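Here is the file target.txt (compact mmCIF, C-alpha atoms).
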# COMPACT_ATOMS: atom_id res chain seq x y z
CA MET Q 1 0.00 0.00 0.00
CA ARG Q 2 1.15 3.53 -0.68
CA ARG Q 3 2.05 5.82 2.19
CA ALA Q 4 1.30 9.53 2.37
CA GLY Q 5 4.10 11.82 1.30
CA LYS Q 6 5.81 9.29 -0.96
CA SER Q 7 6.67 10.16 -4.55
CA ALA Q 8 4.61 8.75 -7.38
CA ARG Q 9 5.08 5.08 -8.07
CA PRO Q 10 7.12 3.92 -11.09
CA ALA Q 11 5.62 3.75 -14.56
CA CYS Q 12 5.11 0.00 -14.27
CA GLU Q 13 2.09 -1.44 -12.52
CA PRO Q 14 3.52 -3.02 -9.34
CA ALA Q 15 2.14 -6.36 -8.22
CA TRP Q 16 1.88 -5.08 -4.64
CA ARG Q 17 -1.16 -2.89 -5.17
CA SER Q 18 -3.36 -5.78 -4.08
CA ARG Q 19 -2.52 -8.76 -1.90
CA SER Q 20 -5.70 -10.61 -2.88
CA GLY Q 21 -4.37 -12.04 -6.16
CA PRO Q 22 -2.48 -15.32 -6.74
CA ARG Q 23 0.55 -15.94 -4.59
CA SER Q 24 3.44 -18.32 -5.00
CA SER Q 25 2.91 -21.68 -3.40
CA ILE Q 26 5.31 -24.42 -2.49
CA ARG Q 27 4.33 -28.06 -2.48
CA SER Q 28 6.55 -30.52 -0.77
CA GLY Q 29 6.32 -33.97 0.67
CA ILE Q 30 7.51 -37.53 0.34
CA ARG Q 31 6.06 -39.78 -2.31
CA PRO Q 32 4.52 -42.10 -3.34
CA ALA Q 33 1.78 -40.15 -1.54
CA SER Q 34 0.86 -36.81 -3.11
CA ALA Q 35 2.68 -33.70 -1.91
CA SER Q 36 1.29 -31.56 0.90
CA LYS Q 37 0.44 -27.97 0.04
CA LEU Q 38 2.05 -24.94 1.65
CA GLY Q 39 1.40 -21.30 0.84
CA GLY Q 40 -1.29 -19.73 -1.32
CA PRO Q 41 -2.97 -20.76 -4.56
CA GLY Q 42 -1.57 -20.50 -8.06
CA GLY Q 43 1.81 -22.05 -7.26
CA ARG Q 44 4.81 -21.50 -9.51
CA SER Q 45 6.84 -24.51 -8.47
CA ARG Q 46 6.28 -27.80 -6.70
CA ARG Q 47 8.94 -30.01 -5.24
CA LYS Q 48 8.76 -33.63 -4.17
CA LEU Q 49 11.29 -36.01 -2.71
CA SER Q 50 10.22 -39.11 -4.59
CA ALA Q 51 10.69 -42.87 -4.67
CA ARG Q 52 9.47 -45.18 -7.40
CA THR Q 53 9.35 -48.96 -7.56
CA ALA Q 54 10.00 -50.99 -10.70
CA GLY Q 55 7.24 -50.90 -13.28
CA GLN Q 56 5.48 -48.64 -15.75
CA ALA Q 57 4.14 -45.13 -15.23
CA VAL Q 58 2.56 -42.40 -17.35
CA TRP Q 59 3.25 -38.70 -16.81
CA ARG Q 60 1.47 -35.76 -18.39
CA SER Q 61 1.36 -32.18 -17.16
CA ASP Q 62 1.29 -28.65 -18.49
CA ARG Q 63 4.17 -27.88 -16.12
CA HIS Q 64 7.85 -28.31 -16.90
CA ARG Q 65 9.44 -31.20 -15.01
CA ILE Q 66 12.98 -31.53 -13.66
CA VAL Q 67 14.20 -34.79 -12.13
CA TYR Q 68 17.39 -34.85 -10.06
CA ALA Q 69 18.56 -38.44 -9.60
CA LEU Q 70 19.44 -39.57 -6.09
CA SER Q 71 20.15 -43.02 -7.55
CA ASP Q 72 20.92 -44.26 -11.07
CA ILE Q 73 17.80 -44.29 -13.22
CA HIS Q 74 17.69 -46.60 -16.23
CA SER Q 75 14.40 -46.53 -18.07
CA ALA Q 76 12.67 -47.12 -21.38
CA ILE Q 77 10.40 -44.26 -22.45
CA ARG Q 78 7.99 -43.04 -25.11
CA ASN Q 79 7.41 -39.34 -25.77
CA ASN Q 80 3.90 -38.54 -27.03
CA HIS Q 81 3.35 -42.20 -27.95
CA GLY Q 82 6.44 -42.16 -30.19
CA PRO Q 83 9.18 -44.79 -30.58
CA LEU Q 84 10.66 -46.58 -27.58
CA LEU Q 85 13.87 -44.91 -26.34
CA HIS Q 86 16.44 -45.72 -23.67
CA TRP Q 87 16.63 -42.90 -21.11
CA ASP Q 88 19.42 -43.03 -18.54
CA VAL Q 89 20.02 -40.50 -15.75
CA ASN Q 90 22.93 -41.32 -13.49
CA ARG Q 91 23.05 -40.30 -9.84
CA ASP Q 92 23.61 -36.54 -9.34
CA ASN Q 93 22.48 -35.85 -12.92
CA PHE Q 94 19.27 -34.32 -14.24
CA ALA Q 95 16.54 -34.83 -16.79
CA PHE Q 96 14.32 -32.03 -18.10
CA ARG Q 97 10.96 -32.36 -19.80
CA PRO Q 98 8.85 -29.41 -21.04
CA GLY Q 99 5.16 -29.29 -20.23
CA GLY Q 100 2.44 -30.54 -22.51
CA MET Q 101 4.06 -33.89 -23.32
CA THR Q 102 2.95 -37.40 -22.48
CA LEU Q 103 5.68 -39.61 -21.05
CA GLU Q 104 5.37 -43.38 -20.72
CA SER Q 105 8.30 -44.82 -18.77
CA THR Q 106 9.34 -48.20 -17.44
CA VAL Q 107 12.06 -48.78 -14.84
CA ASP Q 108 13.37 -52.20 -13.89
CA ALA Q 109 14.47 -51.32 -10.34
CA SER Q 110 13.49 -48.96 -7.50
CA VAL Q 111 14.80 -45.41 -7.91
CA ARG Q 112 14.98 -42.24 -5.79
CA TYR Q 113 14.92 -38.67 -7.06
CA VAL Q 114 13.91 -35.09 -6.40
CA GLN Q 115 11.10 -34.06 -8.73
CA ILE Q 116 10.51 -30.38 -9.38
CA THR Q 117 7.66 -29.12 -11.54
CA GLN Q 118 7.57 -25.49 -12.60
CA SER Q 119 5.00 -23.21 -14.16
CA PRO Q 120 5.83 -22.22 -17.75
CA ASP Q 121 5.20 -18.63 -16.62
CA VAL Q 122 8.59 -18.67 -14.87
CA TYR Q 123 10.28 -19.53 -18.16
CA ASP Q 124 8.15 -17.10 -20.19
CA THR Q 125 9.35 -14.27 -17.95
CA ILE Q 126 12.98 -15.29 -18.44
CA PHE Q 127 12.51 -15.57 -22.21
CA SER Q 128 10.89 -12.14 -22.50
CA GLU Q 129 13.25 -10.26 -20.18
CA LEU Q 130 16.58 -12.09 -20.28
CA VAL Q 131 16.84 -13.67 -23.74
CA ARG Q 132 17.37 -11.58 -26.88
CA GLY Q 133 14.61 -12.44 -29.32
CA GLY Q 134 12.41 -13.83 -26.56
CA ALA Q 135 11.74 -17.23 -28.18
CA VAL Q 136 13.34 -20.46 -26.97
CA GLY Q 137 12.52 -23.99 -28.05
CA LEU Q 138 12.48 -26.39 -25.10
CA GLU Q 139 12.85 -30.13 -25.61
CA PRO Q 140 13.38 -33.20 -23.42
CA ARG Q 141 16.95 -33.75 -22.25
CA ALA Q 142 18.62 -36.28 -19.97
CA GLY Q 143 22.06 -36.77 -18.47
CA LEU Q 144 22.51 -33.10 -17.59
CA HIS Q 145 25.28 -32.42 -15.08
CA ASP Q 146 25.60 -29.04 -13.40
CA PRO Q 147 27.09 -28.36 -9.93
CA LEU Q 148 24.80 -25.36 -9.38
CA LEU Q 149 21.72 -27.34 -10.36
CA SER Q 150 22.84 -30.05 -7.92
CA GLN Q 151 23.25 -27.52 -5.12
CA ILE Q 152 19.80 -26.08 -5.75
CA ALA Q 153 18.17 -29.52 -5.89
CA LEU Q 154 19.86 -30.67 -2.69
CA THR Q 155 18.82 -27.46 -0.93
CA ILE Q 156 15.26 -28.16 -2.00
CA ALA Q 157 15.47 -31.74 -0.75
CA ASN Q 158 16.94 -30.62 2.60
CA GLU Q 159 14.21 -28.00 3.06
CA ILE Q 160 11.38 -30.42 2.39
CA ASP Q 161 11.53 -31.83 5.91
CA VAL Q 162 10.97 -28.39 7.49
CA GLY Q 163 8.07 -27.42 5.27
CA PHE Q 164 9.80 -24.91 2.98
CA THR Q 165 7.88 -21.94 4.38
CA ASP Q 166 10.37 -19.25 3.26
CA HIS Q 167 8.75 -18.05 0.06
CA ILE Q 168 11.60 -15.68 -0.82
CA LEU Q 169 14.10 -18.53 -0.72
CA ALA Q 170 11.71 -20.77 -2.66
CA ASP Q 171 11.20 -18.16 -5.38
CA ALA Q 172 14.93 -17.48 -5.61
CA LEU Q 173 15.71 -21.18 -6.01
CA ASN Q 174 12.90 -21.56 -8.52
CA THR Q 175 14.22 -18.69 -10.65
CA ALA Q 176 17.84 -19.84 -10.40
CA LEU Q 177 16.82 -23.36 -11.40
CA ALA Q 178 14.92 -22.10 -14.45
CA MET Q 179 17.86 -19.89 -15.45
CA GLN Q 180 20.25 -22.85 -15.37
CA ILE Q 181 17.88 -24.87 -17.54
CA VAL Q 182 17.46 -22.01 -20.01
CA ARG Q 183 21.24 -21.77 -20.35
CA ARG Q 184 21.14 -25.30 -21.76
CA PHE Q 185 18.99 -24.17 -24.68
CA VAL Q 186 20.25 -20.65 -25.38
CA ASP Q 187 23.53 -19.34 -26.76
CA PRO Q 188 25.27 -17.49 -23.88
CA SER Q 189 25.64 -14.37 -26.03
CA ALA Q 190 21.82 -14.12 -26.26
CA ILE Q 191 21.32 -13.86 -22.47
CA VAL Q 192 21.04 -10.35 -21.04
CA LEU Q 193 22.32 -10.52 -17.46
CA GLU Q 194 22.01 -6.85 -16.56
CA PRO Q 195 18.60 -5.18 -16.17
CA LYS Q 196 17.66 -2.33 -18.47
CA SER Q 197 16.86 -0.28 -15.37
CA GLY Q 198 18.38 -1.09 -12.03
CA LEU Q 199 17.13 -0.57 -8.51
CA SER Q 200 17.04 3.20 -8.10
CA ARG Q 201 17.10 4.83 -4.67
CA GLU Q 202 13.39 5.55 -4.90
CA ARG Q 203 12.53 1.98 -5.84
CA LEU Q 204 14.80 0.58 -3.15
CA GLN Q 205 13.04 2.75 -0.57
CA ARG Q 206 9.69 1.59 -1.92
CA VAL Q 207 10.70 -2.05 -1.46
CA GLN Q 208 12.07 -1.43 2.04
CA ASP Q 209 8.89 0.40 3.06
CA TYR Q 210 6.80 -2.45 1.69
CA ILE Q 211 8.83 -5.04 3.60
CA GLU Q 212 8.35 -3.11 6.86
CA ALA Q 213 4.61 -2.74 6.24
CA HIS Q 214 4.14 -6.45 5.47
CA LEU Q 215 6.87 -8.05 7.53
CA GLU Q 216 4.38 -10.31 9.29
CA ASP Q 217 3.15 -11.70 5.94
CA ARG Q 218 4.62 -14.50 3.84
CA LEU Q 219 6.56 -12.31 1.47
CA SER Q 220 7.75 -13.78 -1.80
CA LEU Q 221 10.55 -12.76 -4.14
CA THR Q 222 8.05 -12.36 -6.97
CA GLU Q 223 6.03 -9.98 -4.84
CA LEU Q 224 9.03 -7.83 -3.90
CA ALA Q 225 10.26 -7.80 -7.49
CA GLY Q 226 6.82 -6.51 -8.51
CA VAL Q 227 7.22 -3.59 -6.10
CA ALA Q 228 10.51 -2.73 -7.80
CA CYS Q 229 9.09 -3.28 -11.30
CA LEU Q 230 11.83 -5.80 -12.10
CA SER Q 231 11.92 -9.51 -12.88
CA PRO Q 232 12.75 -11.71 -9.86
CA TYR Q 233 16.18 -12.51 -11.33
CA HIS Q 234 17.12 -8.88 -11.95
CA PHE Q 235 15.61 -7.76 -8.66
CA SER Q 236 17.72 -10.20 -6.64
CA ARG Q 237 20.92 -9.04 -8.34
CA SER Q 238 20.06 -5.34 -8.09
CA PHE Q 239 18.89 -5.55 -4.46
CA LYS Q 240 22.05 -7.33 -3.32
CA GLN Q 241 24.20 -4.81 -5.15
CA ALA Q 242 22.37 -1.92 -3.48
CA VAL Q 243 22.05 -3.33 0.05
CA GLY Q 244 24.94 -5.77 0.35
CA VAL Q 245 22.79 -8.83 1.10
CA GLY Q 246 20.10 -10.65 -0.84
CA PRO Q 247 16.36 -10.10 -0.26
CA GLN Q 248 15.92 -13.24 1.85
CA ARG Q 249 18.72 -12.38 4.27
CA TYR Q 250 17.56 -8.76 4.46
CA VAL Q 251 13.99 -9.79 5.36
CA LEU Q 252 15.25 -12.22 8.01
CA ARG Q 253 17.39 -9.44 9.54
CA ARG Q 254 14.39 -7.12 9.69
CA ARG Q 255 12.32 -9.86 11.33
CA VAL Q 256 15.01 -10.40 13.95
CA LYS Q 257 15.09 -6.64 14.59
CA ARG Q 258 11.32 -6.59 15.02
CA THR Q 259 11.54 -9.56 17.38
CA GLN Q 260 14.06 -7.69 19.53
CA ALA Q 261 11.89 -4.58 19.57
CA LEU Q 262 8.79 -6.55 20.54
CA MET Q 263 10.61 -8.31 23.37
CA ARG Q 264 11.87 -4.97 24.68
CA ARG Q 265 8.47 -3.29 24.81
CA THR Q 266 6.01 -6.16 25.37
CA ASN Q 267 5.56 -9.30 27.46
CA HIS Q 268 3.94 -11.21 24.62
CA PRO Q 269 4.69 -14.96 24.45
CA LEU Q 270 7.27 -15.96 21.87
CA ALA Q 271 4.60 -17.72 19.81
CA VAL Q 272 2.74 -14.42 19.42
CA ILE Q 273 5.94 -12.49 18.69
CA ALA Q 274 6.88 -15.05 16.04
CA GLN Q 275 3.61 -14.36 14.26
CA GLU Q 276 3.93 -10.58 14.57
CA ALA Q 277 7.50 -10.66 13.25
CA GLY Q 278 6.67 -12.85 10.27
CA PHE Q 279 8.18 -16.19 11.30
CA SER Q 280 6.29 -19.36 10.47
CA ASP Q 281 6.21 -20.44 14.11
CA GLN Q 282 8.10 -20.19 17.40
CA SER Q 283 10.70 -22.80 16.50
CA HIS Q 284 11.49 -20.96 13.27
CA LEU Q 285 11.96 -17.74 15.24
CA ILE Q 286 14.28 -19.43 17.75
CA SER Q 287 16.39 -21.02 15.01
CA VAL Q 288 16.86 -17.81 13.01
CA PHE Q 289 17.33 -15.65 16.12
CA ARG Q 290 20.04 -17.92 17.53
CA ARG Q 291 21.96 -17.89 14.25
CA ALA Q 292 21.72 -14.11 13.93
CA ILE Q 293 22.31 -13.00 17.54
CA GLY Q 294 24.20 -15.92 19.07
CA VAL Q 295 21.71 -16.53 21.88
CA THR Q 296 18.12 -17.78 22.06
CA PRO Q 297 15.23 -15.29 22.35
CA GLY Q 298 14.71 -16.53 25.92
CA HIS Q 299 18.28 -15.62 26.93
CA PHE Q 300 17.95 -12.28 25.14
CA ARG Q 301 14.73 -11.46 26.98
CA ALA Q 302 16.20 -12.55 30.33
CA ALA Q 303 19.12 -10.15 29.84
CA LEU Q 304 16.68 -7.26 29.48
CA THR Q 305 15.42 -7.57 33.07
As structure tokens:
Amino acid sequence: MRRAGKSARPACEPAWRSRSGPRSSIRSGIRPASASKLGGPGGRSRRKLSARTAGQAVWRSDRHRIVYALSDIHSAIRNNHGPLLHWDVNRDNFAFRPGGMTLESTVDASVRYVQITQSPDVYDTIFSELVRGGAVGLEPRAGLHDPLLSQIALTIANEIDVGFTDHILADALNTALAMQIVRRFVDPSAIVLEPKSGLSRERLQRVQDYIEAHLEDRLSLTELAGVACLSPYHFSRSFKQAVGVGPQRYVLRRRVKRTQALMRRTNHPLAVIAQEAGFSDQSHLISVFRRAIGVTPGHFRAALT
């Protein structure tokens, strides 16, 4: 929301004018059961730590699918009812499949993998803003090896157990993952890494004001980028350059600061303070607070008396 006395908003139409529209959502869980839902509707990415027994399966979705192999995967597949192909993905490697395709696959042994499905909208944004010409043809690929992709996938897998409630981190990983995939299909000279317009002082202040006004909400990278009128990828780079830390770390710092202020001036239980400061719950507050300050909130509050 706009505050009195602020200069006119940028020429773009920021996404933050209304909080009632679609929000990013994260789905995580352990298969073979379906993933549990976290966050709001209209999700941009879904992650599952998956296990599959030997046998046949059919996959079709409008979403792009990335599989990171936690074990060797040897399968026979058909794309859109085409010829039978051998499709091998060794451990720590990836397979990518664009949305809108039917996949029939057969594996002869149990396999484990991280499955990530992404909205094509994430890729459309990258194509339009980061790729000269704006058009990229995506096709199925297997046997991809990329240390950064591996790091992102393992971070996703490690976060699954704790619910993946940090939407800024989830959006950042989602965008970084899509960027690494796009690099596989685009000549490096066609990728525009620098934004046409960076994060001006006025836009930075707008973002910081918005963070303070909505610190108790589940902020997302996409949402903050909308305030700055930049793509999530360009916003992350520009924000870190301007502030010295990325958006996720900045928001966590502000939440810790609010926690300290609330403990100084109120006697509210930590569970209430966690909600008012924007943490998912009390244990999340304690974990982040201890890492940032070096002591638990309880020890900090005790030292105030």
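Pairwise distance (CA of His284 in chain Q, CA of Asn158 in chain Q) equals 15.4 Å.
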Shortest contact to Phe127 in chain Q, candidates Q:Ser283, Q:Gln241, Q:Ser231, Q:Asn267, atoms counted all atoms listed in the file, goes to Q:Ser231
Which residues are near range 87-103 of chain Q? Cut-off 7 Å, only C-alpha atoms, ignore same chain within fewer than 4 positions. Put them as a count of residues only.
32
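Between Val114 in chain Q and the residues Q:Arg52, Q:His299, Q:Lys240, Q:Arg254, the shortest atom-to-atom distance, using all atoms listed in the file, involves Q:Arg52.
Straight-line separation from CA of Ser220 in chain Q to CA of Arg290 in chain Q: 23.3 Å.
Take CA of Arg258 in chain Q and CA of Tyr210 in chain Q: the distance between them is 14.7 Å.
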Compile the contact shell of Phe239 in chain Q as an mmCIF file with C-alpha atoms, in the coordinates of the input: residues with an atom at most 12 Å away, counting all atoms listed in the file, same-chain residues fewer than 3 positions apart removed.
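The result, written out as out_19.cif:
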data_model
loop_
_atom_site.group_PDB
_atom_site.id
_atom_site.type_symbol
_atom_site.label_atom_id
_atom_site.label_comp_id
_atom_site.auth_asym_id
_atom_site.auth_seq_id
_atom_site.Cartn_x
_atom_site.Cartn_y
_atom_site.Cartn_z
ATOM 1 C CA PRO Q 195 18.600 -5.180 -16.170
ATOM 2 C CA GLY Q 198 18.380 -1.090 -12.030
ATOM 3 C CA LEU Q 199 17.130 -0.570 -8.510
ATOM 4 C CA SER Q 200 17.040 3.200 -8.100
ATOM 5 C CA ARG Q 201 17.100 4.830 -4.670
ATOM 6 C CA ARG Q 203 12.530 1.980 -5.840
ATOM 7 C CA LEU Q 204 14.800 0.580 -3.150
ATOM 8 C CA GLN Q 205 13.040 2.750 -0.570
ATOM 9 C CA ARG Q 206 9.690 1.590 -1.920
ATOM 10 C CA VAL Q 207 10.700 -2.050 -1.460
ATOM 11 C CA GLN Q 208 12.070 -1.430 2.040
ATOM 12 C CA LEU Q 221 10.550 -12.760 -4.140
ATOM 13 C CA LEU Q 224 9.030 -7.830 -3.900
ATOM 14 C CA ALA Q 225 10.260 -7.800 -7.490
ATOM 15 C CA VAL Q 227 7.220 -3.590 -6.100
ATOM 16 C CA ALA Q 228 10.510 -2.730 -7.800
ATOM 17 C CA LEU Q 230 11.830 -5.800 -12.100
ATOM 18 C CA SER Q 231 11.920 -9.510 -12.880
ATOM 19 C CA PRO Q 232 12.750 -11.710 -9.860
ATOM 20 C CA TYR Q 233 16.180 -12.510 -11.330
ATOM 21 C CA HIS Q 234 17.120 -8.880 -11.950
ATOM 22 C CA PHE Q 235 15.610 -7.760 -8.660
ATOM 23 C CA SER Q 236 17.720 -10.200 -6.640
ATOM 24 C CA ALA Q 242 22.370 -1.920 -3.480
ATOM 25 C CA VAL Q 243 22.050 -3.330 0.050
ATOM 26 C CA GLY Q 244 24.940 -5.770 0.350
ATOM 27 C CA VAL Q 245 22.790 -8.830 1.100
ATOM 28 C CA GLY Q 246 20.100 -10.650 -0.840
ATOM 29 C CA PRO Q 247 16.360 -10.100 -0.260
ATOM 30 C CA GLN Q 248 15.920 -13.240 1.850
ATOM 31 C CA ARG Q 249 18.720 -12.380 4.270
ATOM 32 C CA TYR Q 250 17.560 -8.760 4.460
ATOM 33 C CA VAL Q 251 13.990 -9.790 5.360
#
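Residue nearest Pro120 in chain Q, chosen from Q:Ala178, Q:Leu84, Q:Ile168, Q:Leu270 and counting all atoms listed in the file: Q:Ala178.
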